[in-house]
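Asks: entry-v9.cif is the file, holding mmCIF, C-alpha atoms:
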data_work
loop_
_atom_site.label_atom_id
_atom_site.label_comp_id
_atom_site.auth_asym_id
_atom_site.auth_seq_id
_atom_site.Cartn_x
_atom_site.Cartn_y
_atom_site.Cartn_z
CA MET A 1 -36.69 19.12 -35.41
CA SER A 2 -36.16 15.55 -34.40
CA GLN A 3 -38.75 12.87 -35.07
CA SER A 4 -40.00 13.24 -31.51
CA GLY A 5 -40.74 16.92 -32.14
CA ALA A 6 -38.16 18.17 -29.67
CA GLU A 7 -35.31 20.40 -30.80
CA PRO A 8 -31.91 18.64 -30.85
CA PHE A 9 -29.55 19.25 -27.95
CA TRP A 10 -27.18 21.43 -30.00
CA VAL A 11 -30.04 23.84 -30.67
CA VAL A 12 -31.40 24.10 -27.13
CA LYS A 13 -28.21 23.84 -25.05
CA ARG A 14 -25.27 26.18 -24.77
CA LEU A 15 -21.91 24.50 -25.24
CA ASP A 16 -21.16 24.78 -21.52
CA GLN A 17 -24.43 22.94 -20.71
CA MET A 18 -23.65 19.86 -22.79
CA THR A 19 -22.68 16.52 -21.38
CA GLU A 20 -19.28 15.15 -22.34
CA ALA A 21 -20.93 12.77 -24.82
CA GLU A 22 -22.93 15.59 -26.42
CA TRP A 23 -19.82 17.78 -26.62
CA GLU A 24 -17.78 15.03 -28.26
CA SER A 25 -20.56 14.23 -30.73
CA LEU A 26 -20.42 17.79 -32.07
CA CYS A 27 -17.11 17.04 -33.76
CA ASP A 28 -17.89 16.18 -37.39
CA GLY A 29 -14.54 14.43 -37.84
CA CYS A 30 -13.31 16.73 -40.61
CA GLY A 31 -9.75 16.73 -39.26
CA ARG A 32 -9.11 20.37 -40.20
CA CYS A 33 -8.25 21.35 -36.64
CA CYS A 34 -5.50 18.69 -36.67
CA LEU A 35 -3.60 20.43 -39.47
CA HIS A 36 -0.49 22.42 -38.68
CA LYS A 37 -0.81 26.15 -38.87
CA LEU A 38 1.89 28.80 -39.09
CA ARG A 39 1.53 32.19 -37.42
CA ASP A 40 3.77 35.13 -38.27
CA ASP A 41 5.31 36.36 -35.02
CA GLU A 42 5.30 39.99 -36.15
CA THR A 43 1.94 40.35 -37.92
CA GLY A 44 -0.04 37.54 -36.27
CA GLU A 45 -1.12 36.40 -39.75
CA LEU A 46 -2.20 32.78 -39.82
CA GLU A 47 -1.48 30.35 -42.63
CA PHE A 48 -2.76 26.81 -42.93
CA THR A 49 -0.88 23.79 -44.21
CA ASN A 50 -1.90 20.44 -45.63
CA VAL A 51 0.25 18.73 -42.99
CA ALA A 52 -1.57 16.72 -40.36
CA CYS A 53 -0.56 15.89 -36.83
CA ARG A 54 1.24 12.56 -36.75
CA LEU A 55 -1.64 11.08 -34.71
CA LEU A 56 -4.26 11.80 -37.37
CA ASP A 57 -5.24 8.90 -39.59
CA THR A 58 -5.20 10.80 -42.90
CA ARG A 59 -7.85 8.52 -44.44
CA SER A 60 -10.44 8.23 -41.65
CA CYS A 61 -9.61 11.62 -40.07
CA ALA A 62 -9.68 10.03 -36.60
CA CYS A 63 -7.03 10.58 -33.98
CA THR A 64 -5.14 7.34 -33.48
CA ASP A 65 -4.62 8.05 -29.75
CA TYR A 66 -7.38 10.48 -28.80
CA VAL A 67 -7.36 9.68 -25.07
CA ASN A 68 -3.60 10.27 -24.74
CA ARG A 69 -3.20 12.91 -27.46
CA THR A 70 -2.16 15.77 -25.20
CA ARG A 71 0.61 13.64 -23.66
CA ALA A 72 1.79 12.41 -27.07
CA VAL A 73 1.49 15.85 -28.68
CA PRO A 74 1.99 18.49 -25.96
CA ASP A 75 0.74 21.37 -28.14
CA CYS A 76 -2.51 19.56 -29.00
CA ILE A 77 -5.41 21.77 -27.97
CA SER A 78 -8.25 20.39 -25.91
CA LEU A 79 -11.32 22.27 -27.05
CA THR A 80 -13.53 23.60 -24.30
CA PRO A 81 -16.29 26.21 -24.37
CA ALA A 82 -13.89 28.68 -22.73
CA ALA A 83 -11.06 27.88 -25.16
CA LEU A 84 -13.31 28.65 -28.13
CA THR A 85 -13.20 32.35 -27.28
CA GLU A 86 -9.41 32.34 -27.67
CA ILE A 87 -9.02 30.12 -30.74
CA ASP A 88 -9.10 31.88 -34.11
CA TRP A 89 -8.10 29.00 -36.36
CA LEU A 90 -11.07 26.65 -36.33
CA PRO A 91 -12.53 26.11 -39.80
CA PRO A 92 -15.70 28.05 -40.67
CA SER A 93 -17.68 24.78 -40.78
CA CYS A 94 -16.62 23.69 -37.27
CA ALA A 95 -19.70 22.63 -35.32
CA TYR A 96 -18.33 24.06 -32.08
CA ARG A 97 -18.00 27.48 -33.67
CA LEU A 98 -21.36 27.20 -35.45
CA VAL A 99 -23.24 26.20 -32.29
CA ALA A 100 -21.49 28.93 -30.27
CA ASP A 101 -22.68 31.44 -32.89
CA GLY A 102 -26.25 30.06 -32.94
CA ARG A 103 -25.93 28.77 -36.51
CA PRO A 104 -27.13 25.39 -37.85
CA LEU A 105 -24.92 22.38 -38.38
CA PRO A 106 -23.92 21.65 -41.99
CA ALA A 107 -26.01 19.13 -43.92
CA TRP A 108 -23.16 16.59 -43.90
CA HIS A 109 -22.74 16.61 -40.11
CA PRO A 110 -23.12 13.11 -38.59
CA LEU A 111 -25.65 14.41 -36.06
CA VAL A 112 -27.81 15.56 -38.99
CA THR A 113 -27.28 12.56 -41.28
CA GLY A 114 -27.05 9.76 -38.71
CA ASP A 115 -23.97 8.49 -40.58
CA VAL A 116 -20.61 8.73 -38.78
CA ASP A 117 -18.84 8.80 -42.16
CA SER A 118 -20.98 11.51 -43.77
CA THR A 119 -18.40 14.29 -43.45
CA ARG A 120 -15.84 12.27 -45.39
CA LYS A 121 -18.42 11.09 -47.93
CA ALA A 122 -19.46 14.72 -48.54
CA GLY A 123 -15.86 15.70 -49.27
CA ALA A 124 -15.82 18.04 -46.27
CA SER A 125 -12.94 16.33 -44.45
CA VAL A 126 -9.18 16.30 -44.95
CA SER A 127 -9.33 12.63 -45.96
CA ASP A 128 -6.76 11.89 -48.66
CA ARG A 129 -5.93 15.62 -49.00
CA VAL A 130 -3.15 15.84 -46.45
CA ILE A 131 0.12 14.25 -45.44
CA SER A 132 1.44 13.33 -42.03
CA GLU A 133 3.99 15.54 -40.36
CA ASP A 134 6.24 12.48 -40.35
CA ASP A 135 6.48 12.74 -44.17
CA ALA A 136 6.19 16.48 -44.75
CA GLY A 137 9.53 18.21 -44.29
CA PRO A 138 9.43 22.00 -43.77
CA LEU A 139 5.90 23.23 -43.12
CA GLU A 140 6.57 26.37 -45.16
CA HIS A 141 6.48 24.16 -48.29
CA HIS A 142 2.92 23.04 -47.54
CA ILE A 143 0.95 26.27 -47.16
CA VAL A 144 -2.59 26.01 -48.54
CA ALA A 145 -5.74 28.12 -48.26
CA TRP A 146 -8.53 25.51 -48.36
CA PRO A 147 -8.60 24.58 -44.64
CA ALA A 148 -9.73 28.11 -43.80
CA ARG A 149 -12.61 28.02 -46.31
CA TRP A 150 -16.06 26.51 -46.14
CA PRO A 151 -15.73 22.99 -47.63
CA LYS A 152 -16.93 22.34 -51.16
CA GLN A 153 -19.15 19.28 -51.10
CA ARG A 154 -18.89 16.48 -53.60
CA ARG A 155 -21.68 16.41 -56.12
#
In structure tokens, what does this structure look like?
Replies:
Amino acid sequence: MSQSGAEPFWVVKRLDQMTEAEWESLCDGCGRCCLHKLRDDETGELEFTNVACRLLDTRSCACTDYVNRTRAVPDCISLTPAALTEIDWLPPSCAYRLVADGRPLPAWHPLVTGDVDSTRKAGASVSDRVISEDDAGPLEHHIVAWPARWPKQRR
């Protein structure tokens, strides 16, 4: 509960009822959704890489051109409540997925902590764990499992 006694918006509203500002604030800034993924054409199996979109600042985990990202990176996905039903690659800690499933936000989430940098401080982001696609070479050489797992928090 908030200090005023009212439940926070992410508890009382469905994703499709949120304002644009509320929707955007759900993103914890982990950067995991900005990592390249590989899908086997025959089996549909999904593998994650430690290679970030060229627009992701690999330290802050912020998109360097968020407003124009879909023009700069045509395959960038714009998350919407409807798109969530089709996307199977969001990390298990993704606030959009958690709220859609009626689950609580993680303790490190900026909406819970009041600190916009709390996800990175908790060790739950990709900060300093990834490389830019500009420096990566073949994605097949960068397959990792950790983006698909619940983040381990720093002690």
Asks: Looking at all atoms listed in the file, which of A:Ala21, A:Val67, A:Ala107, A:Val99 is the one that sits closest to Leu84 (chain A)?
Replies: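 Nearest candidate to Leu84 (chain A) out of A:Ala21, A:Val67, A:Ala107, A:Val99: A:Val99.
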Asks: Excluding same-chain residues fewer than 6 positions from Val116 (chain A), what lies within 12 Å of it counting only C-alpha atoms, as a count of residues only?
Replies: 13
Asks: Evaluate the PyMOL selection byres ((chain A and resi 134) around 12) on the structure here and hand back the selected residues as a PDB file with C-alpha atoms, in the coordinates of the input.
Replies:
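Result went into part_1.pdb, see below:
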ATOM      1  CA  VAL A  51       0.250  18.730 -42.990  1.00  0.00           C
ATOM      2  CA  ALA A  52      -1.570  16.720 -40.360  1.00  0.00           C
ATOM      3  CA  CYS A  53      -0.560  15.890 -36.830  1.00  0.00           C
ATOM      4  CA  ARG A  54       1.240  12.560 -36.750  1.00  0.00           C
ATOM      5  CA  LEU A  55      -1.640  11.080 -34.710  1.00  0.00           C
ATOM      6  CA  LEU A  56      -4.260  11.800 -37.370  1.00  0.00           C
ATOM      7  CA  THR A  58      -5.200  10.800 -42.900  1.00  0.00           C
ATOM      8  CA  VAL A 130      -3.150  15.840 -46.450  1.00  0.00           C
ATOM      9  CA  ILE A 131       0.120  14.250 -45.440  1.00  0.00           C
ATOM     10  CA  SER A 132       1.440  13.330 -42.030  1.00  0.00           C
ATOM     11  CA  GLU A 133       3.990  15.540 -40.360  1.00  0.00           C
ATOM     12  CA  ASP A 135       6.480  12.740 -44.170  1.00  0.00           C
ATOM     13  CA  ALA A 136       6.190  16.480 -44.750  1.00  0.00           C
ATOM     14  CA  GLY A 137       9.530  18.210 -44.290  1.00  0.00           C
ATOM     15  CA  PRO A 138       9.430  22.000 -43.770  1.00  0.00           C
ATOM     16  CA  LEU A 139       5.900  23.230 -43.120  1.00  0.00           C
TER      17      LEU A 139
END
Asks: Calculate how many Å separate CA of Ser118 (chain A) from CA of Leu105 (chain A), rounding to one decimal.
Replies: 12.8 Å
Asks: How many Å lie between CA of Asp65 (chain A) and CA of Glu24 (chain A), rounded to one decimal?
Replies: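 Atom-to-atom, CA of Asp65 (chain A) to CA of Glu24 (chain A), that is 15.0 Å.
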Asks: Can we get region 113-142 of chain A of that structure written down with N, CA and C atoms, as a PDB file, in the first residue's frame?
Replies:
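And here is the file that came out, decode.pdb:
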ATOM      1  N   THR A 113      10.935   1.195  -5.033  1.00  0.00           N
ATOM      2  CA  THR A 113      12.022   1.815  -4.269  1.00  0.00           C
ATOM      3  C   THR A 113      12.011   3.340  -4.294  1.00  0.00           C
ATOM      4  N   GLY A 114      11.428   3.914  -5.350  1.00  0.00           N
ATOM      5  CA  GLY A 114      11.489   5.365  -5.530  1.00  0.00           C
ATOM      6  C   GLY A 114      12.810   5.832  -6.107  1.00  0.00           C
ATOM      7  N   ASP A 115      13.669   4.899  -6.505  1.00  0.00           N
ATOM      8  CA  ASP A 115      14.999   5.201  -7.042  1.00  0.00           C
ATOM      9  C   ASP A 115      15.077   4.704  -8.481  1.00  0.00           C
ATOM     10  N   VAL A 116      15.240   5.613  -9.439  1.00  0.00           N
ATOM     11  CA  VAL A 116      15.258   5.216 -10.854  1.00  0.00           C
ATOM     12  C   VAL A 116      16.429   4.302 -11.192  1.00  0.00           C
ATOM     13  N   ASP A 117      17.426   4.242 -10.345  1.00  0.00           N
ATOM     14  CA  ASP A 117      18.614   3.423 -10.598  1.00  0.00           C
ATOM     15  C   ASP A 117      18.628   2.126  -9.778  1.00  0.00           C
ATOM     16  N   SER A 118      17.532   1.819  -9.111  1.00  0.00           N
ATOM     17  CA  SER A 118      17.517   0.669  -8.201  1.00  0.00           C
ATOM     18  C   SER A 118      17.670  -0.674  -8.896  1.00  0.00           C
ATOM     19  N   THR A 119      17.200  -0.813 -10.120  1.00  0.00           N
ATOM     20  CA  THR A 119      17.346  -2.082 -10.833  1.00  0.00           C
ATOM     21  C   THR A 119      18.817  -2.364 -11.093  1.00  0.00           C
ATOM     22  N   ARG A 120      19.533  -1.351 -11.549  1.00  0.00           N
ATOM     23  CA  ARG A 120      20.967  -1.527 -11.792  1.00  0.00           C
ATOM     24  C   ARG A 120      21.709  -1.770 -10.484  1.00  0.00           C
ATOM     25  N   LYS A 121      21.396  -0.996  -9.460  1.00  0.00           N
ATOM     26  CA  LYS A 121      22.064  -1.147  -8.163  1.00  0.00           C
ATOM     27  C   LYS A 121      21.850  -2.542  -7.575  1.00  0.00           C
ATOM     28  N   ALA A 122      20.694  -3.135  -7.839  1.00  0.00           N
ATOM     29  CA  ALA A 122      20.376  -4.470  -7.320  1.00  0.00           C
ATOM     30  C   ALA A 122      21.054  -5.578  -8.124  1.00  0.00           C
ATOM     31  N   GLY A 123      21.673  -5.220  -9.242  1.00  0.00           N
ATOM     32  CA  GLY A 123      22.297  -6.234 -10.084  1.00  0.00           C
ATOM     33  C   GLY A 123      21.294  -6.964 -10.964  1.00  0.00           C
ATOM     34  N   ALA A 124      20.113  -6.393 -11.140  1.00  0.00           N
ATOM     35  CA  ALA A 124      19.051  -7.038 -11.914  1.00  0.00           C
ATOM     36  C   ALA A 124      19.012  -6.584 -13.369  1.00  0.00           C
ATOM     37  N   SER A 125      19.913  -5.701 -13.757  1.00  0.00           N
ATOM     38  CA  SER A 125      19.929  -5.200 -15.134  1.00  0.00           C
ATOM     39  C   SER A 125      21.067  -5.842 -15.926  1.00  0.00           C
ATOM     40  N   VAL A 126      21.137  -5.493 -17.196  1.00  0.00           N
ATOM     41  CA  VAL A 126      22.216  -5.992 -18.061  1.00  0.00           C
ATOM     42  C   VAL A 126      23.459  -5.116 -17.977  1.00  0.00           C
ATOM     43  N   SER A 127      23.430  -4.098 -17.148  1.00  0.00           N
ATOM     44  CA  SER A 127      24.524  -3.141 -17.048  1.00  0.00           C
ATOM     45  C   SER A 127      25.873  -3.838 -16.870  1.00  0.00           C
ATOM     46  N   ASP A 128      26.788  -3.517 -17.767  1.00  0.00           N
ATOM     47  CA  ASP A 128      28.149  -4.044 -17.746  1.00  0.00           C
ATOM     48  C   ASP A 128      28.228  -5.567 -17.907  1.00  0.00           C
ATOM     49  N   ARG A 129      27.157  -6.192 -18.403  1.00  0.00           N
ATOM     50  CA  ARG A 129      27.153  -7.643 -18.631  1.00  0.00           C
ATOM     51  C   ARG A 129      27.030  -7.984 -20.112  1.00  0.00           C
ATOM     52  N   VAL A 130      26.872  -6.961 -20.939  1.00  0.00           N
ATOM     53  CA  VAL A 130      26.582  -7.196 -22.343  1.00  0.00           C
ATOM     54  C   VAL A 130      27.496  -6.359 -23.229  1.00  0.00           C
ATOM     55  N   ILE A 131      27.474  -6.678 -24.501  1.00  0.00           N
ATOM     56  CA  ILE A 131      28.203  -5.880 -25.481  1.00  0.00           C
ATOM     57  C   ILE A 131      27.232  -5.402 -26.541  1.00  0.00           C
ATOM     58  N   SER A 132      27.602  -4.358 -27.222  1.00  0.00           N
ATOM     59  CA  SER A 132      26.768  -3.812 -28.290  1.00  0.00           C
ATOM     60  C   SER A 132      26.879  -4.685 -29.529  1.00  0.00           C
ATOM     61  N   GLU A 133      25.808  -4.717 -30.280  1.00  0.00           N
ATOM     62  CA  GLU A 133      25.833  -5.468 -31.541  1.00  0.00           C
ATOM     63  C   GLU A 133      26.911  -4.939 -32.474  1.00  0.00           C
ATOM     64  N   ASP A 134      27.288  -3.689 -32.318  1.00  0.00           N
ATOM     65  CA  ASP A 134      28.337  -3.108 -33.154  1.00  0.00           C
ATOM     66  C   ASP A 134      29.692  -3.785 -32.922  1.00  0.00           C
ATOM     67  N   ASP A 135      29.881  -4.406 -31.753  1.00  0.00           N
ATOM     68  CA  ASP A 135      31.155  -5.013 -31.391  1.00  0.00           C
ATOM     69  C   ASP A 135      31.110  -6.535 -31.293  1.00  0.00           C
ATOM     70  N   ALA A 136      29.976  -7.144 -31.561  1.00  0.00           N
ATOM     71  CA  ALA A 136      29.767  -8.546 -31.209  1.00  0.00           C
ATOM     72  C   ALA A 136      30.267  -9.572 -32.214  1.00  0.00           C
ATOM     73  N   GLY A 137      30.101  -9.346 -33.486  1.00  0.00           N
ATOM     74  CA  GLY A 137      30.346 -10.417 -34.443  1.00  0.00           C
ATOM     75  C   GLY A 137      29.144 -11.355 -34.468  1.00  0.00           C
ATOM     76  N   PRO A 138      29.342 -12.616 -34.883  1.00  0.00           N
ATOM     77  CA  PRO A 138      28.220 -13.556 -35.004  1.00  0.00           C
ATOM     78  C   PRO A 138      27.497 -13.777 -33.669  1.00  0.00           C
ATOM     79  N   LEU A 139      26.191 -13.633 -33.682  1.00  0.00           N
ATOM     80  CA  LEU A 139      25.401 -13.799 -32.470  1.00  0.00           C
ATOM     81  C   LEU A 139      25.523 -15.201 -31.885  1.00  0.00           C
ATOM     82  N   GLU A 140      25.735 -16.189 -32.734  1.00  0.00           N
ATOM     83  CA  GLU A 140      25.847 -17.577 -32.279  1.00  0.00           C
ATOM     84  C   GLU A 140      26.995 -17.757 -31.283  1.00  0.00           C
ATOM     85  N   HIS A 141      27.958 -16.857 -31.281  1.00  0.00           N
ATOM     86  CA  HIS A 141      29.097 -16.933 -30.360  1.00  0.00           C
ATOM     87  C   HIS A 141      28.796 -16.301 -28.999  1.00  0.00           C
ATOM     88  N   HIS A 142      27.590 -15.793 -28.836  1.00  0.00           N
ATOM     89  CA  HIS A 142      27.247 -15.047 -27.620  1.00  0.00           C
ATOM     90  C   HIS A 142      26.015 -15.592 -26.914  1.00  0.00           C
TER      91      HIS A 142
END
